[in-house]
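S.K.: Structure file run_18.cif, mmCIF, C-alpha atoms and all ligand atoms, is pasted below:
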data_query
#
loop_
_atom_site.group_PDB
_atom_site.id
_atom_site.type_symbol
_atom_site.label_atom_id
_atom_site.label_comp_id
_atom_site.auth_asym_id
_atom_site.auth_seq_id
_atom_site.Cartn_x
_atom_site.Cartn_y
_atom_site.Cartn_z
ATOM 1 C CA MET A 1 -0.776 65.516 -17.249
ATOM 2 C CA GLU A 2 0.993 68.251 -19.188
ATOM 3 C CA MET A 3 -0.546 71.683 -19.375
ATOM 4 C CA ILE A 4 0.313 74.899 -21.217
ATOM 5 C CA THR A 5 -1.189 78.280 -20.472
ATOM 6 C CA SER A 6 -0.821 81.160 -22.895
ATOM 7 C CA GLY A 7 -2.828 84.260 -22.144
ATOM 8 C CA LYS A 8 -6.436 83.254 -21.655
ATOM 9 C CA CYS A 9 -5.974 79.878 -23.293
ATOM 10 C CA MET A 10 -5.243 76.651 -21.412
ATOM 11 C CA THR A 11 -4.270 73.423 -23.127
ATOM 12 C CA PHE A 12 -4.283 70.033 -21.411
ATOM 13 C CA PHE A 13 -2.532 67.099 -23.051
ATOM 14 C CA LEU A 14 -4.538 63.984 -22.212
ATOM 15 C CA SER A 15 -2.796 60.654 -22.469
ATOM 16 C CA GLY A 16 -3.287 56.941 -21.935
ATOM 17 C CA GLU A 17 -6.673 55.323 -21.456
ATOM 18 C CA ILE A 18 -9.763 57.359 -20.604
ATOM 19 C CA ASP A 19 -12.401 55.202 -18.947
ATOM 20 C CA HIS A 20 -14.652 55.666 -15.925
ATOM 21 C CA HIS A 21 -11.825 54.606 -13.596
ATOM 22 C CA ASN A 22 -9.252 57.068 -14.960
ATOM 23 C CA ALA A 23 -11.626 59.932 -15.752
ATOM 24 C CA ALA A 24 -11.996 60.913 -12.087
ATOM 25 C CA SER A 25 -8.366 61.920 -11.605
ATOM 26 C CA ILE A 26 -8.153 63.664 -15.004
ATOM 27 C CA ARG A 27 -11.264 65.651 -14.134
ATOM 28 C CA LYS A 28 -9.819 66.659 -10.779
ATOM 29 C CA VAL A 29 -6.607 68.047 -12.297
ATOM 30 C CA ILE A 30 -8.390 69.988 -15.044
ATOM 31 C CA ASP A 31 -10.987 71.446 -12.693
ATOM 32 C CA GLU A 32 -8.446 72.564 -10.115
ATOM 33 C CA GLU A 33 -6.447 74.429 -12.751
ATOM 34 C CA THR A 34 -9.387 75.930 -14.625
ATOM 35 C CA ASP A 35 -11.077 77.064 -11.383
ATOM 36 C CA LYS A 36 -7.973 79.095 -10.639
ATOM 37 C CA LEU A 37 -7.471 80.636 -14.080
ATOM 38 C CA MET A 38 -10.963 80.706 -15.631
ATOM 39 C CA PRO A 39 -9.637 80.364 -19.217
ATOM 40 C CA GLN A 40 -11.465 81.899 -22.170
ATOM 41 C CA VAL A 41 -10.472 78.884 -24.238
ATOM 42 C CA LEU A 42 -10.000 75.421 -22.793
ATOM 43 C CA VAL A 43 -8.228 73.105 -25.230
ATOM 44 C CA LEU A 44 -8.172 69.365 -24.651
ATOM 45 C CA ASP A 45 -5.516 67.682 -26.782
ATOM 46 C CA PHE A 46 -6.241 63.971 -27.365
ATOM 47 C CA SER A 47 -3.131 63.062 -29.357
ATOM 48 C CA GLY A 48 -1.763 60.852 -26.559
ATOM 49 C CA VAL A 49 -5.008 59.002 -25.867
ATOM 50 C CA THR A 50 -4.767 55.281 -26.609
ATOM 51 C CA PHE A 51 -8.292 54.302 -25.581
ATOM 52 C CA MET A 52 -11.504 56.106 -24.786
ATOM 53 C CA ASP A 53 -15.067 55.044 -23.986
ATOM 54 C CA SER A 54 -18.179 57.130 -23.264
ATOM 55 C CA SER A 55 -16.683 58.219 -19.937
ATOM 56 C CA GLY A 56 -14.324 60.381 -22.006
ATOM 57 C CA VAL A 57 -17.329 61.935 -23.713
ATOM 58 C CA GLY A 58 -18.823 62.648 -20.271
ATOM 59 C CA LEU A 59 -15.531 64.237 -19.242
ATOM 60 C CA VAL A 60 -15.608 66.597 -22.236
ATOM 61 C CA MET A 61 -19.296 67.420 -21.726
ATOM 62 C CA GLY A 62 -18.650 68.263 -18.068
ATOM 63 C CA ARG A 63 -15.688 70.526 -18.889
ATOM 64 C CA TYR A 64 -17.760 72.167 -21.630
ATOM 65 C CA ARG A 65 -20.457 72.982 -19.052
ATOM 66 C CA ASN A 66 -17.882 74.464 -16.690
ATOM 67 C CA VAL A 67 -16.122 76.741 -19.191
ATOM 68 C CA SER A 68 -19.323 77.939 -20.794
ATOM 69 C CA ALA A 69 -20.723 78.774 -17.349
ATOM 70 C CA HIS A 70 -18.188 81.591 -17.164
ATOM 71 C CA GLY A 71 -18.379 82.558 -20.826
ATOM 72 C CA GLY A 72 -15.431 80.536 -22.129
ATOM 73 C CA ARG A 73 -15.347 77.943 -24.907
ATOM 74 C CA LEU A 74 -13.985 74.454 -25.315
ATOM 75 C CA GLU A 75 -11.996 72.831 -28.107
ATOM 76 C CA ALA A 76 -11.112 69.170 -28.407
ATOM 77 C CA VAL A 77 -8.210 68.705 -30.825
ATOM 78 C CA ASN A 78 -6.021 65.983 -32.308
ATOM 79 C CA LEU A 79 -8.584 63.261 -31.759
ATOM 80 C CA PRO A 80 -7.325 59.887 -32.983
ATOM 81 C CA PRO A 81 -9.943 57.968 -35.013
ATOM 82 C CA TRP A 82 -10.963 55.845 -31.988
ATOM 83 C CA CYS A 83 -11.760 58.989 -30.000
ATOM 84 C CA TYR A 84 -13.455 60.813 -32.848
ATOM 85 C CA LYS A 85 -15.742 57.888 -33.604
ATOM 86 C CA ILE A 86 -17.249 57.950 -30.132
ATOM 87 C CA MET A 87 -17.167 61.717 -29.654
ATOM 88 C CA LYS A 88 -19.266 62.104 -32.822
ATOM 89 C CA MET A 89 -22.118 60.184 -31.196
ATOM 90 C CA SER A 90 -22.571 62.830 -28.494
ATOM 91 C CA GLY A 91 -23.612 65.727 -30.716
ATOM 92 C CA LEU A 92 -20.939 67.838 -28.997
ATOM 93 C CA GLU A 93 -19.708 68.953 -32.408
ATOM 94 C CA LYS A 94 -22.738 71.222 -32.662
ATOM 95 C CA ILE A 95 -21.706 73.237 -29.616
ATOM 96 C CA ALA A 96 -17.928 72.882 -29.349
ATOM 97 C CA ARG A 97 -15.011 72.575 -31.755
ATOM 98 C CA ILE A 98 -14.098 68.920 -32.113
ATOM 99 C CA ARG A 99 -11.261 68.289 -34.536
ATOM 100 C CA MET A 100 -9.173 65.365 -35.659
ATOM 101 C CA THR A 101 -6.338 67.761 -36.382
ATOM 102 C CA GLY A 102 -4.524 70.196 -34.144
ATOM 103 C CA GLY A 103 -3.612 73.766 -34.807
ATOM 104 C CA LYS A 104 -3.224 76.701 -32.509
ATOM 105 C CA GLN A 105 -5.965 79.229 -32.016
ATOM 106 C CA MET B 106 -23.100 26.245 -33.958
ATOM 107 C CA LYS B 107 -20.145 24.995 -31.950
ATOM 108 C CA PRO B 108 -17.560 27.480 -30.673
ATOM 109 C CA ILE B 109 -13.916 26.937 -31.591
ATOM 110 C CA ASN B 110 -12.848 28.477 -28.280
ATOM 111 C CA ARG B 111 -14.431 29.788 -25.074
ATOM 112 C CA PHE B 112 -13.612 31.397 -21.756
ATOM 113 C CA THR B 113 -15.461 32.447 -18.631
ATOM 114 C CA MET B 114 -14.394 34.626 -15.746
ATOM 115 C CA THR B 115 -15.800 36.195 -12.603
ATOM 116 C CA PHE B 116 -14.363 39.337 -11.037
ATOM 117 C CA ASP B 117 -15.126 42.117 -8.549
ATOM 118 C CA SER B 118 -17.099 45.163 -9.681
ATOM 119 C CA ARG B 119 -14.212 47.518 -8.941
ATOM 120 C CA SER B 120 -13.453 50.318 -11.375
ATOM 121 C CA ALA B 121 -9.803 49.233 -11.577
ATOM 122 C CA ASN B 122 -11.088 46.100 -13.350
ATOM 123 C CA GLU B 123 -12.490 48.021 -16.339
ATOM 124 C CA GLY B 124 -9.116 48.004 -18.046
ATOM 125 C CA PHE B 125 -8.486 44.412 -17.058
ATOM 126 C CA ALA B 126 -11.808 43.202 -18.508
ATOM 127 C CA ARG B 127 -11.376 44.877 -21.897
ATOM 128 C CA LEU B 128 -7.806 43.621 -22.127
ATOM 129 C CA VAL B 129 -8.923 40.030 -21.545
ATOM 130 C CA ALA B 130 -11.804 40.345 -24.020
ATOM 131 C CA SER B 131 -9.637 41.872 -26.736
ATOM 132 C CA GLY B 132 -6.863 39.363 -26.095
ATOM 133 C CA PHE B 133 -9.323 36.538 -26.635
ATOM 134 C CA ALA B 134 -10.863 38.128 -29.747
ATOM 135 C CA ALA B 135 -7.341 38.533 -31.138
ATOM 136 C CA LEU B 136 -7.428 34.802 -31.921
ATOM 137 C CA LEU B 137 -9.696 35.708 -34.874
ATOM 138 C CA ASP B 138 -6.993 38.003 -36.278
ATOM 139 C CA PRO B 139 -9.081 41.199 -36.170
ATOM 140 C CA THR B 140 -8.073 44.574 -37.542
ATOM 141 C CA VAL B 141 -6.991 47.293 -35.123
ATOM 142 C CA GLU B 142 -10.377 48.969 -35.572
ATOM 143 C CA GLU B 143 -12.337 45.797 -34.838
ATOM 144 C CA LEU B 144 -10.282 45.206 -31.709
ATOM 145 C CA CYS B 145 -10.864 48.770 -30.630
ATOM 146 C CA ASP B 146 -14.629 48.372 -31.127
ATOM 147 C CA ILE B 147 -14.610 45.286 -28.901
ATOM 148 C CA LYS B 148 -12.571 47.018 -26.198
ATOM 149 C CA THR B 149 -14.916 49.977 -26.172
ATOM 150 C CA ALA B 150 -18.147 47.947 -26.123
ATOM 151 C CA VAL B 151 -16.891 45.668 -23.341
ATOM 152 C CA SER B 152 -15.683 48.654 -21.360
ATOM 153 C CA GLU B 153 -19.186 50.160 -21.567
ATOM 154 C CA ALA B 154 -20.926 46.994 -20.405
ATOM 155 C CA VAL B 155 -18.506 46.384 -17.531
ATOM 156 C CA THR B 156 -18.619 50.016 -16.404
ATOM 157 C CA ASN B 157 -22.420 49.791 -16.265
ATOM 158 C CA CYS B 158 -22.183 46.813 -13.888
ATOM 159 C CA ILE B 159 -19.799 48.771 -11.666
ATOM 160 C CA VAL B 160 -21.628 52.094 -11.735
ATOM 161 C CA HIS B 161 -25.287 51.079 -12.014
ATOM 162 C CA ALA B 162 -25.788 47.427 -11.056
ATOM 163 C CA TYR B 163 -23.933 47.599 -7.736
ATOM 164 C CA PRO B 164 -24.089 51.293 -6.813
ATOM 165 C CA ASP B 165 -23.409 50.830 -3.106
ATOM 166 C CA GLY B 166 -20.834 48.098 -3.001
ATOM 167 C CA VAL B 167 -18.859 45.416 -4.750
ATOM 168 C CA GLY B 168 -20.544 42.474 -6.445
ATOM 169 C CA ASN B 169 -19.642 39.849 -8.996
ATOM 170 C CA ILE B 170 -19.351 40.477 -12.709
ATOM 171 C CA TYR B 171 -19.550 37.370 -14.873
ATOM 172 C CA ILE B 172 -18.155 37.274 -18.389
ATOM 173 C CA SER B 173 -18.351 34.420 -20.819
ATOM 174 C CA ALA B 174 -17.192 34.619 -24.402
ATOM 175 C CA ALA B 175 -16.843 32.383 -27.415
ATOM 176 C CA ILE B 176 -15.468 32.565 -30.922
ATOM 177 C CA TYR B 177 -16.821 30.671 -33.929
ATOM 178 C CA GLU B 178 -15.562 29.423 -37.271
ATOM 179 C CA SER B 179 -17.694 32.055 -39.021
ATOM 180 C CA GLY B 180 -15.633 34.843 -37.410
ATOM 181 C CA LEU B 181 -18.288 35.555 -34.798
ATOM 182 C CA PHE B 182 -17.107 36.830 -31.429
ATOM 183 C CA LYS B 183 -19.839 36.582 -28.804
ATOM 184 C CA ILE B 184 -19.532 37.931 -25.272
ATOM 185 C CA LYS B 185 -21.956 37.947 -22.332
ATOM 186 C CA ILE B 186 -21.491 40.397 -19.473
ATOM 187 C CA ARG B 187 -23.762 39.629 -16.533
ATOM 188 C CA ASP B 188 -24.383 41.001 -13.057
ATOM 189 C CA ARG B 189 -26.655 40.143 -10.140
ATOM 190 C CA GLY B 190 -27.312 43.788 -9.364
ATOM 191 C CA CYS B 191 -30.357 46.038 -9.247
ATOM 192 C CA GLY B 192 -31.647 45.355 -12.761
ATOM 193 C CA ILE B 193 -33.161 47.821 -15.246
ATOM 194 C CA GLU B 194 -36.793 48.869 -14.986
ATOM 195 C CA ASP B 195 -37.253 50.007 -18.600
ATOM 196 C CA VAL B 196 -34.663 48.605 -20.981
ATOM 197 C CA GLU B 197 -35.968 50.480 -24.043
ATOM 198 C CA LYS B 198 -35.645 53.780 -22.231
ATOM 199 C CA ALA B 199 -32.195 52.855 -20.886
ATOM 200 C CA LYS B 200 -31.017 52.211 -24.457
ATOM 201 C CA GLU B 201 -31.991 55.658 -25.720
ATOM 202 C CA PRO B 202 -28.894 57.693 -26.628
ATOM 203 C CA LEU B 203 -28.023 60.336 -24.019
ATOM 204 C CA TYR B 204 -30.360 58.811 -21.408
ATOM 205 C CA SER B 205 -28.721 58.257 -18.022
ATOM 206 C CA SER B 206 -30.416 57.582 -14.700
ATOM 207 C CA LEU B 207 -27.384 59.057 -12.948
ATOM 208 C CA GLY B 208 -26.619 62.736 -13.216
ATOM 209 C CA GLY B 209 -23.025 63.795 -12.877
ATOM 210 C CA GLU B 210 -20.849 63.008 -15.844
ATOM 211 C CA ARG B 211 -22.424 59.889 -17.332
ATOM 212 C CA ALA B 212 -22.845 60.619 -21.026
ATOM 213 C CA GLY B 213 -25.754 58.190 -21.404
ATOM 214 C CA LEU B 214 -24.091 56.715 -24.473
ATOM 215 C CA GLY B 215 -23.104 53.265 -23.189
ATOM 216 C CA PHE B 216 -25.827 51.255 -24.903
ATOM 217 C CA ALA B 217 -25.656 53.429 -28.028
ATOM 218 C CA VAL B 218 -21.923 52.674 -28.277
ATOM 219 C CA MET B 219 -22.429 48.925 -27.745
ATOM 220 C CA GLU B 220 -25.110 48.937 -30.431
ATOM 221 C CA SER B 221 -23.132 50.842 -33.022
ATOM 222 C CA PHE B 222 -19.720 49.248 -32.355
ATOM 223 C CA CYS B 223 -21.078 45.680 -32.487
ATOM 224 C CA ASP B 224 -23.315 43.807 -34.914
ATOM 225 C CA LYS B 225 -25.887 42.895 -32.277
ATOM 226 C CA LEU B 226 -26.760 43.941 -28.733
ATOM 227 C CA SER B 227 -29.265 42.144 -26.570
ATOM 228 C CA VAL B 228 -30.189 43.095 -23.017
ATOM 229 C CA ARG B 229 -32.116 40.929 -20.584
ATOM 230 C CA SER B 230 -32.825 42.401 -17.194
ATOM 231 C CA THR B 231 -34.974 41.658 -14.147
ATOM 232 C CA LEU B 232 -35.481 44.254 -11.434
ATOM 233 C CA GLY B 233 -33.749 43.198 -8.243
ATOM 234 C CA LYS B 234 -32.131 40.198 -9.971
ATOM 235 C CA GLY B 235 -29.646 41.578 -12.443
ATOM 236 C CA THR B 236 -28.791 42.223 -16.065
ATOM 237 C CA CYS B 237 -27.239 40.247 -18.891
ATOM 238 C CA VAL B 238 -25.829 42.035 -21.919
ATOM 239 C CA THR B 239 -24.851 39.994 -24.974
ATOM 240 C CA LEU B 240 -22.694 41.449 -27.724
ATOM 241 C CA ASP B 241 -22.081 39.865 -31.124
ATOM 242 C CA LYS B 242 -19.306 41.079 -33.365
ATOM 243 C CA TYR B 243 -18.334 39.538 -36.698
ATOM 244 C CA ILE B 244 -14.600 39.772 -37.206
ATOM 245 C CA LYS B 245 -13.819 40.187 -40.876
ATOM 246 C CA GLY B 246 -10.190 40.355 -39.919
ATOM 247 C CA LYS B 247 -6.938 41.432 -41.427
ATOM 248 C CA ALA B 248 -7.073 38.819 -44.156
ATOM 249 C CA LEU B 249 -10.245 40.346 -45.624
ATOM 250 C CA ALA B 250 -9.472 43.970 -44.830
ATOM 251 C CA ASP B 251 -6.197 43.794 -46.761
ATOM 252 C CA ARG B 252 -7.870 42.710 -49.987
HETATM 253 N N1 LIG C 301 -25.937 46.611 -15.592
HETATM 254 C C1 LIG C 301 -26.852 47.560 -15.286
HETATM 255 N N2 LIG C 301 -27.579 47.469 -14.158
HETATM 256 C C2 LIG C 301 -28.506 48.405 -13.841
HETATM 257 N N3 LIG C 301 -28.807 49.470 -14.630
HETATM 258 C C3 LIG C 301 -28.126 49.606 -15.781
HETATM 259 C C4 LIG C 301 -27.121 48.663 -16.176
HETATM 260 N N4 LIG C 301 -26.624 49.062 -17.376
HETATM 261 C C5 LIG C 301 -27.291 50.181 -17.700
HETATM 262 N N5 LIG C 301 -28.201 50.517 -16.762
HETATM 263 C C6 LIG C 301 -29.148 51.666 -16.832
HETATM 264 O O1 LIG C 301 -29.226 52.109 -18.172
HETATM 265 C C7 LIG C 301 -28.888 53.497 -18.270
HETATM 266 C C8 LIG C 301 -28.185 53.807 -19.565
HETATM 267 O O2 LIG C 301 -26.903 53.177 -19.625
HETATM 268 P P1 LIG C 301 -25.772 53.807 -20.541
HETATM 269 O O3 LIG C 301 -26.322 53.962 -21.926
HETATM 270 O O4 LIG C 301 -24.544 53.005 -20.390
HETATM 271 O O5 LIG C 301 -25.571 55.279 -19.938
HETATM 272 P P2 LIG C 301 -24.790 55.746 -18.625
HETATM 273 O O6 LIG C 301 -23.981 54.598 -18.095
HETATM 274 O O7 LIG C 301 -23.937 56.863 -19.086
HETATM 275 O O8 LIG C 301 -25.840 56.170 -17.647
HETATM 276 C C9 LIG C 301 -28.073 53.784 -17.023
HETATM 277 O O9 LIG C 301 -28.115 55.140 -16.664
HETATM 278 C C10 LIG C 301 -28.709 52.861 -15.988
HETATM 279 O O10 LIG C 301 -29.866 53.443 -15.467
HETATM 280 MG MG MG C 302 -22.791 53.407 -19.214
#
Rewrite the structure of this file - the entire thing - as structure tokens.
Ligand SMILES: Nc1ncnc2c1ncn2[C@@H]1O[C@H](COP(=O)(O)OP(=O)(O)O)[C@@H](O)[C@H]1O
Ligand SMILES: [Mg+2]

M.R.:
Amino acid sequence: MEMITSGKCMTFFLSGEIDHHNAASIRKVIDEETDKLMPQVLVLDFSGVTFMDSSGVGLVMGRYRNVSAHGGRLEAVNLPPWCYKIMKMSGLEKIARIRMTGGKQ
Amino acid sequence: MKPINRFTMTFDSRSANEGFARLVASGFAALLDPTVEELCDIKTAVSEAVTNCIVHAYPDGVGNIYISAAIYESGLFKIKIRDRGCGIEDVEKAKEPLYSSLGGERAGLGFAVMESFCDKLSVRSTLGKGTCVTLDKYIKGKALADR
């Protein structure tokens, strides 16, 4: 998985299919990196995601908990329609920035 | 109502099979010429039901997952996902959005997704015997969507 760090902001570019099977390894990579750097802003870029079920929502919720535990915030960007549709059901939009478009902070 | 086509399959409750199961289900539903969105809805709903068998029904080992599906002249795609696992004590509670009996990173949205991405969800479950989830989805298809 590709990752860019700039200052206190870390962006991970998720790709492929996010289900319960694949979520475990994605989670491991993100957590290892964020534990080291403790970013102020954790950006998850979904532009390369071809499929996602509620395990992807769980992945975002878990990362949200981790970054907010040390005062950071989470953004999910570039969600394709099939990711946005399911992400909307979680209510995460009320607490984190969830966007169908990208844009740098 | 007689189906125009059917399939059944049995496979191991291994997480690697989540992708396999939704691919088979969407490949079969493709016979009704669905739109990309309809196909995506089916993939997601099936993925939820199969993941539940793997994660919840057989928490300590590998068991069988049984799928049978049929398509009908009316455009109906019907799929049953069944396990012989632990069963659900309170189905109404299990269906509540954001409810999960497992902590960790389960979002508790599986049933909510199945319900909203399909036209009908029915759940039959017996403690200690297993669970059967039936999903109905009417495929309006490309032909109608284009108009
Ligand atoms: N096939 C199953 N066998 C046993 N329990 C199940 C099954 N499917 C769902 N459940 C129960 O219903 C609850 C809700 O399921 P779901 O909405 O998919 O949320 P999640 O999988 O995130 O926990 C689960 O936490 C579990 O307790
Ligand atoms: Mg589930």

S.K.: What's the separation between atom C3 of ligand LIG 301 (chain C) and atom CA of B:Arg211, in Å to one decimal place?

M.R.: 11.9 Å

S.K.: Tell me the residues of chain B close to chain A, meaning within 12 Å using all atoms listed in the file, as a ChimeraX atom specification.

M.R.: /B:118-125,127-128,141-160,202-205,207-222

S.K.: Which of these residues is nearest to ligand MG 302 (chain C), using all atoms listed in the file: B:Arg111, B:Lys183, B:Ala199, B:Ala134?

M.R.: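 Using all atoms listed in the file, the shortest distance to ligand MG 302 (chain C) belongs to B:Ala199.
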
S.K.: Can you list, as number ranges by chain, every protein, DNA or RNA residue that comes within 6 Å of B:Ile186 when you count all atoms listed in the file, leaving out same-chain residues fewer than 6 positions away?

M.R.: B: 171-172, 237-238

S.K.: Rank B:Ala162, B:Val129, B:Leu232, B:Ala174 by their smallest atom-to-atom distance to ligand LIG 301 (chain C), using all atoms listed in the file, and report the top residue only.

M.R.: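 Of the candidates, the smallest distance to ligand LIG 301 (chain C) is held by B:Ala162.
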
S.K.: Just the number, please: distance in Å from atom N3 of ligand LIG 301 (chain C) to atom CA of B:Ile170, one decimal.

M.R.: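 Interatomic distance here is 13.2 Å.
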
S.K.: Distance atom CA of B:Gly180-atom CA of B:Ala135, one decimal place?

M.R.: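 Separation of atom CA of B:Gly180 and atom CA of B:Ala135: 11.0 Å.
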
S.K.: Evaluate the PyMOL selection byres (((chain A and resi 96) around 10) and not hetatm) here and jot the selected residues down as a list of chain:residue names.

M.R.: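 Output of the PyMOL selection byres (((chain A and resi 96) around 10) and not hetatm): A:Val60, A:Met61, A:Tyr64, A:Arg73, A:Leu74, A:Glu75, A:Ala76, A:Gly91, A:Leu92, A:Glu93, A:Lys94, A:Ile95, A:Arg97, A:Ile98, A:Arg99.
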
S.K.: Please write out, as lines of an AutoDock Vina configuration file, where the centre of an axis-aligned box around all listed atoms of ligand LIG 301 (chain C) lies and how long its edges are, in Å to one decimal, after adding 6 Å on each side.

M.R.:
center_x = -26.9
center_y = 51.7
center_z = -17.9
size_x = 17.9
size_y = 22.3
size_z = 20.1
